[in-house]
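Engineer: Take a look at the following structure, please.
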Amino acid sequence: MPPRPRRSTASTTAPKRERSTSSSLSDAPPPKPKASTKAKTKTNGTDKKVKPKTALADDAKAGDDDPTVIEDEPPKKKTKTAKAKVWPPPELSPENHPPRNGYPIFELPSTSASPNGALPPHTTEKRPMLLGAHTSIAGGPAGALLRAGKAGANGLALFTKSQRKWASNPYEPEAIERFRDLMKPKEQGGLGYPPESILVHGSYLINLGNPDETKWNTSYECFKDDVYRCHQLGIKLYNWHPGSTVGACTKEESFASIAKAINRVHKEVPEVVTVIENMANAGSNIVGTAFSELASIIALVEDKSRVRVCLDTCHLFASGYDLRTEETYAETMKKFDEEVGNGYLGGMHLNDSKADLAGNKDLHENIGLGKIGLTGFRCIMRDPLMSGIPLVLETPAPEKALETGDFAIWMREIKLLYEIQGIEDEEWSNKKDEIEQRWRKERDSINPPKEKGPPKSKTAPKGKKKSKKDDSEEDED
Ligand SMILES: [Zn+2]
Ligand SMILES: [Zn+2]
């Protein structure tokens, strides 16, 4: 059992929902993209060879949010015609984007607390819920912004490179420029995705919790490369899985080796805020399943203005944090505030759970149709703590949804979440069931539930995967 971090450590140094990084997030001049020292080639950071396995379609199998990088077009050409491609791709052209969801902005209940950290300074201005989905970077990182626009999202997540390869080509300057141009406000010709609306998801290969020097160094290089890419793109929030002891050390040693990486990357790459994700699988070697573990890592971080937490609702639920009712939601968030500190919340992954509370299984389900249910997500959407930070869907979608540019599931989920946000307490109990039924039908028509056998046993080897030696290769979450 990990030592209980002194909460004072975390919460006194964390600006109480009022951040020191705040101004730099919105106002800082974009860092100059430096020429990378690495070998230069001509992809836009997208790995063309990645297998077209989609995306969130079966997170159960993939272990997590698994929006695999894929091509939008059939991989017919082997020839290098990248230069000849039109930009933006016609099917993603901003002219065809639907109106942005979530406007007008819902009036959140007043709160005495100032807004979350890692955000622009609190003003009296109403802040939108930056709700979106994990989108593909096929065709280059700017493609993720176009896809988010096409889904009517106010926020998004993306990988900076293939998430299952240790090394990828550096970005072309043109790819960086496109991304930065599209982030700009609409009045300036962009799509209006400011830095605080984007939460990069790190590579799945990284395990900084294993103190083995060679492995740690390999992971660190990949981690730093991810963070550096964020810096190049002008993104401020980088989220990754803290890691696993792989049974080779104690949890405490893992916390230390994770914090060592965070401290080092803060010195080697400017500005980017490192956002630790909470994990499913409590009781395993996986680090970060309990609030106390997240707090233990944060306690060892020197520059606390550059560390945050991303809470995945499915992982929370799997690890025993209940979110099903107003009361349990409030209780869970109170624990978070006490043990970690609300000021450290930097983003959310919104996923319902196919598995039961404390089931230690990371099985994502569509919003409101799993064991958490709509009420928990309505609580999130009405919580002022959640405004102004990326809220990212990683929910199941039809096979190849991303490849075919089919955002139907996420578009509906985004709409649904804004819809339930606006329903008053008195009406909620009357409307809840009807909304759920309507949505379930809709979901089933877009992505019929597959008849699957019972979930695979955790102890059974998963086909092709890993020699359980190094779960850094693919942690089960
Ligand atoms: Zn997950
Ligand atoms: Zn994740």
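Identifiers in this document derive from the order of the structure tokens: chains are assigned A, B, ..., residues are numbered from 1 separately in each chain, and ligands are numbered from 1 in order of occurrence.
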Just want the residues within 10 Å of ligand 2, written as a PyMOL selection string, counting only C-alpha atoms and all ligand atoms.
Structural biologist: chain A and resi 63-66+200-204+239-242+276-280+310-312+315+349+394+477
Engineer: Mind writing the picked residues with C-alpha atoms as a PDB file, in the first residue's frame?
Structural biologist:
```
ATOM      1  CA  GLY A  63      -6.957  -2.204 -23.699  1.00  0.00           C
ATOM      2  CA  ASP A  64      -7.754   1.456 -23.796  1.00  0.00           C
ATOM      3  CA  ASP A  65      -8.603   4.382 -25.765  1.00  0.00           C
ATOM      4  CA  ASP A  66      -7.197   3.137 -28.910  1.00  0.00           C
ATOM      5  CA  VAL A 200      -2.574  14.930 -26.527  1.00  0.00           C
ATOM      6  CA  HIS A 201      -2.529  11.242 -25.665  1.00  0.00           C
ATOM      7  CA  GLY A 202       0.924   9.751 -25.303  1.00  0.00           C
ATOM      8  CA  SER A 203       2.303   6.602 -26.817  1.00  0.00           C
ATOM      9  CA  TYR A 204       1.124   3.317 -25.362  1.00  0.00           C
ATOM     10  CA  ASN A 239      -1.564  13.059 -21.156  1.00  0.00           C
ATOM     11  CA  TRP A 240      -0.028   9.610 -20.761  1.00  0.00           C
ATOM     12  CA  HIS A 241      -0.270   6.437 -18.738  1.00  0.00           C
ATOM     13  CA  PRO A 242       2.035   6.625 -15.751  1.00  0.00           C
ATOM     14  CA  ILE A 276      -0.999  11.910 -15.598  1.00  0.00           C
ATOM     15  CA  GLU A 277      -3.932   9.619 -16.383  1.00  0.00           C
ATOM     16  CA  ASN A 278      -5.663   7.584 -13.719  1.00  0.00           C
ATOM     17  CA  MET A 279      -5.784   3.914 -14.538  1.00  0.00           C
ATOM     18  CA  ALA A 280      -8.058   0.921 -14.215  1.00  0.00           C
ATOM     19  CA  CYS A 310      -6.572  13.421 -16.433  1.00  0.00           C
ATOM     20  CA  LEU A 311      -9.430  11.422 -14.982  1.00  0.00           C
ATOM     21  CA  ASP A 312     -10.888   8.693 -17.155  1.00  0.00           C
ATOM     22  CA  HIS A 315     -10.957   3.840 -15.173  1.00  0.00           C
ATOM     23  CA  HIS A 349     -11.733  11.036 -20.662  1.00  0.00           C
ATOM     24  CA  GLU A 394     -13.001   7.410 -26.197  1.00  0.00           C
ATOM     25  CA  ASP A 477      -5.597  -0.329 -19.410  1.00  0.00           C
TER      26      ASP A 477
END
```
Engineer: Excluding Asp322 in chain A and its own-chain neighbours fewer than 2 positions away, which residues fall within 8 Å of it when counting only C-alpha atoms? Please give them as a PyMOL selection string.
Structural biologist: chain A and resi 316-317+320+324+328-329+332+357+372
Engineer: Could you jot down the CA of Arg147 in chain A to CA of Ile235 in chain A separation for me, Å, one decimal place?
Structural biologist: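 A separation of 16.9 Å between them.
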Engineer: Just list as a ChimeraX atom specification whatever in range 239-424 of chain A DSSP marks as strand (DSSP E or B).
Structural biologist: /A:239-240,244,273-277,286,307-312,345-350,352-353,364-365,390-393
Engineer: Name the residues of range 226-456 of chain A that come out as helix (DSSP H, G or I) in a backbone DSSP run; write them as a ChimeraX atom specification.
Structural biologist: /A:226-233,251-268,291-299,304-306,313-318,326-339,342-344,374-381,384-386,408-421,425-446
Engineer: Convert the current residue selection to file output with C-alpha atoms, as a short mmCIF file (atom, residue, chain, number, x, y, z; two decimals), in the first residue's frame.
Structural biologist:
```
data_model
loop_
_atom_site.label_atom_id
_atom_site.label_comp_id
_atom_site.auth_asym_id
_atom_site.auth_seq_id
_atom_site.Cartn_x
_atom_site.Cartn_y
_atom_site.Cartn_z
CA ASP A 226 5.90 13.16 -27.57
CA VAL A 227 6.23 16.18 -25.32
CA TYR A 228 8.51 17.90 -27.78
CA ARG A 229 5.98 17.38 -30.56
CA CYS A 230 3.34 19.02 -28.38
CA HIS A 231 5.67 21.95 -27.95
CA GLN A 232 6.20 22.16 -31.70
CA LEU A 233 2.47 22.18 -32.35
CA LYS A 251 5.09 1.14 -6.17
CA GLU A 252 7.17 3.75 -4.36
CA GLU A 253 10.13 3.09 -6.62
CA SER A 254 7.81 3.41 -9.59
CA PHE A 255 6.51 6.76 -8.38
CA ALA A 256 10.08 7.96 -8.12
CA SER A 257 11.09 6.83 -11.58
CA ILE A 258 7.96 8.38 -13.10
CA ALA A 259 8.60 11.65 -11.30
CA LYS A 260 12.22 11.58 -12.42
CA ALA A 261 11.00 11.51 -16.03
CA ILE A 262 8.56 14.33 -15.43
CA ASN A 263 11.19 16.50 -13.78
CA ARG A 264 13.66 15.84 -16.52
CA VAL A 265 11.26 16.52 -19.36
CA HIS A 266 10.22 19.78 -17.71
CA LYS A 267 13.83 20.87 -17.96
CA GLU A 268 14.36 19.62 -21.49
CA PHE A 291 -5.93 9.04 -6.13
CA SER A 292 -3.28 8.49 -3.48
CA GLU A 293 -0.90 7.10 -6.11
CA LEU A 294 -1.40 10.07 -8.39
CA ALA A 295 -0.75 12.33 -5.43
CA SER A 296 2.40 10.42 -4.54
CA ILE A 297 3.83 11.08 -8.00
CA ILE A 298 2.82 14.73 -7.96
CA ALA A 299 4.45 15.16 -4.57
CA LYS A 304 3.95 21.70 -9.96
CA SER A 305 2.66 24.28 -12.38
CA ARG A 306 3.43 21.75 -15.10
CA THR A 313 -14.41 7.95 -15.94
CA CYS A 314 -14.27 4.30 -16.97
CA HIS A 315 -10.96 3.84 -15.17
CA LEU A 316 -12.31 5.60 -12.10
CA PHE A 317 -15.30 3.33 -12.00
CA ALA A 318 -13.22 0.23 -12.62
CA GLU A 326 -25.34 12.90 -7.72
CA GLU A 327 -24.25 11.78 -4.26
CA THR A 328 -21.59 9.30 -5.31
CA TYR A 329 -20.27 11.68 -7.95
CA ALA A 330 -19.89 14.40 -5.35
CA GLU A 331 -18.24 11.98 -2.96
CA THR A 332 -15.73 10.82 -5.55
CA MET A 333 -14.85 14.36 -6.56
CA LYS A 334 -14.51 15.33 -2.93
CA LYS A 335 -12.02 12.53 -2.44
CA PHE A 336 -10.14 13.74 -5.49
CA ASP A 337 -9.98 17.24 -4.09
CA GLU A 338 -8.81 16.02 -0.72
CA GLU A 339 -6.23 13.57 -1.94
CA ASN A 342 -9.03 20.04 -7.77
CA GLY A 343 -6.45 22.46 -9.05
CA TYR A 344 -4.64 19.52 -10.60
CA LEU A 374 -26.42 9.07 -17.85
CA THR A 375 -26.78 10.63 -14.42
CA GLY A 376 -23.04 10.50 -13.75
CA PHE A 377 -22.27 12.19 -17.06
CA ARG A 378 -24.89 14.84 -16.45
CA CYS A 379 -23.12 15.61 -13.17
CA ILE A 380 -19.86 16.06 -15.04
CA MET A 381 -21.44 18.30 -17.66
CA PRO A 384 -18.04 24.05 -13.14
CA LEU A 385 -14.82 22.23 -12.34
CA MET A 386 -15.10 20.58 -15.74
CA ALA A 408 -21.77 9.63 -36.21
CA ILE A 409 -21.32 8.04 -32.79
CA TRP A 410 -19.22 10.83 -31.36
CA MET A 411 -21.38 13.52 -32.90
CA ARG A 412 -24.44 12.02 -31.22
CA GLU A 413 -22.65 11.61 -27.94
CA ILE A 414 -21.49 15.19 -27.99
CA LYS A 415 -25.03 16.37 -28.69
CA LEU A 416 -26.44 14.08 -26.05
CA LEU A 417 -24.05 15.36 -23.40
CA TYR A 418 -24.89 18.98 -24.11
CA GLU A 419 -28.56 18.06 -24.12
CA ILE A 420 -28.51 16.47 -20.68
CA GLN A 421 -26.40 19.32 -19.37
CA ASP A 425 -32.85 18.73 -11.68
CA GLU A 426 -36.65 18.61 -11.35
CA GLU A 427 -37.05 17.28 -14.84
CA TRP A 428 -34.16 14.90 -14.83
CA SER A 429 -35.77 11.90 -13.21
CA ASN A 430 -38.72 12.11 -15.60
CA LYS A 431 -36.66 12.51 -18.71
CA LYS A 432 -33.74 10.27 -17.99
CA ASP A 433 -35.23 6.94 -19.04
CA GLU A 434 -36.79 8.30 -22.16
CA ILE A 435 -33.50 9.86 -23.24
CA GLU A 436 -31.61 6.71 -22.51
CA GLN A 437 -34.01 4.58 -24.53
CA ARG A 438 -33.92 6.95 -27.46
CA TRP A 439 -30.15 7.08 -27.40
CA ARG A 440 -29.75 3.33 -27.05
CA LYS A 441 -31.85 2.80 -30.16
CA GLU A 442 -29.83 5.35 -32.00
CA ARG A 443 -26.57 3.85 -30.88
CA ASP A 444 -27.73 0.39 -31.85
CA SER A 445 -28.56 1.59 -35.31
CA ILE A 446 -25.13 3.15 -35.76
#
```
Engineer: Given the choices A:Pro88, A:Gly347, A:Gly189, A:Pro396, which gets closest to ligand 1 if the distance is worked out from only C-alpha atoms and all ligand atoms?
Structural biologist: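 So, comparing all the options, the nearest one is A:Pro396.
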Engineer: I'd like the interatomic distance between CA of Pro109 in chain A and CA of Leu130 in chain A, to a tenth of an Å.
Structural biologist: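 Spanning CA of Pro109 in chain A to CA of Leu130 in chain A is a straight-line distance of 16.9 Å.
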Engineer: Pick the closest to ligand 1 from A:Leu363, A:Leu205, A:Leu156, A:Leu108: which is it, counting only C-alpha atoms and all ligand atoms?
Structural biologist: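 The answer is A:Leu363, which sits nearest to ligand 1.
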Engineer: Using CA of Glu196 in chain A and CA of Tyr103 in chain A as the two end points, give the distance in Å to one decimal.
Structural biologist: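 These two atoms are separated by 17.5 Å.
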Engineer: So, with only C-alpha atoms and all ligand atoms as the atoms that count, which of A:Glu107, A:Glu365, A:Glu221, A:Asp212 lies closest to ligand 1?
Structural biologist: A:Glu365
Engineer: Need the shell around Ile176 in chain A: protein/DNA/RNA residues with any atom at most 8 Å away, counting only C-alpha atoms. Skip same-chain ones fewer than 4 positions apart. Format as a list of chain:residue names?
Structural biologist: A:Pro33, A:Pro141, A:Ala142, A:Tyr171, A:Glu172, A:Arg180, A:Gln232, A:Leu233
Engineer: Go through A:Ala144, A:Val86, A:Val273, A:Leu369 and flag the residue nearest Leu158 in chain A, using only C-alpha atoms for the distances.
Structural biologist: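 For Leu158 in chain A, the nearest of the candidates is A:Ala144.
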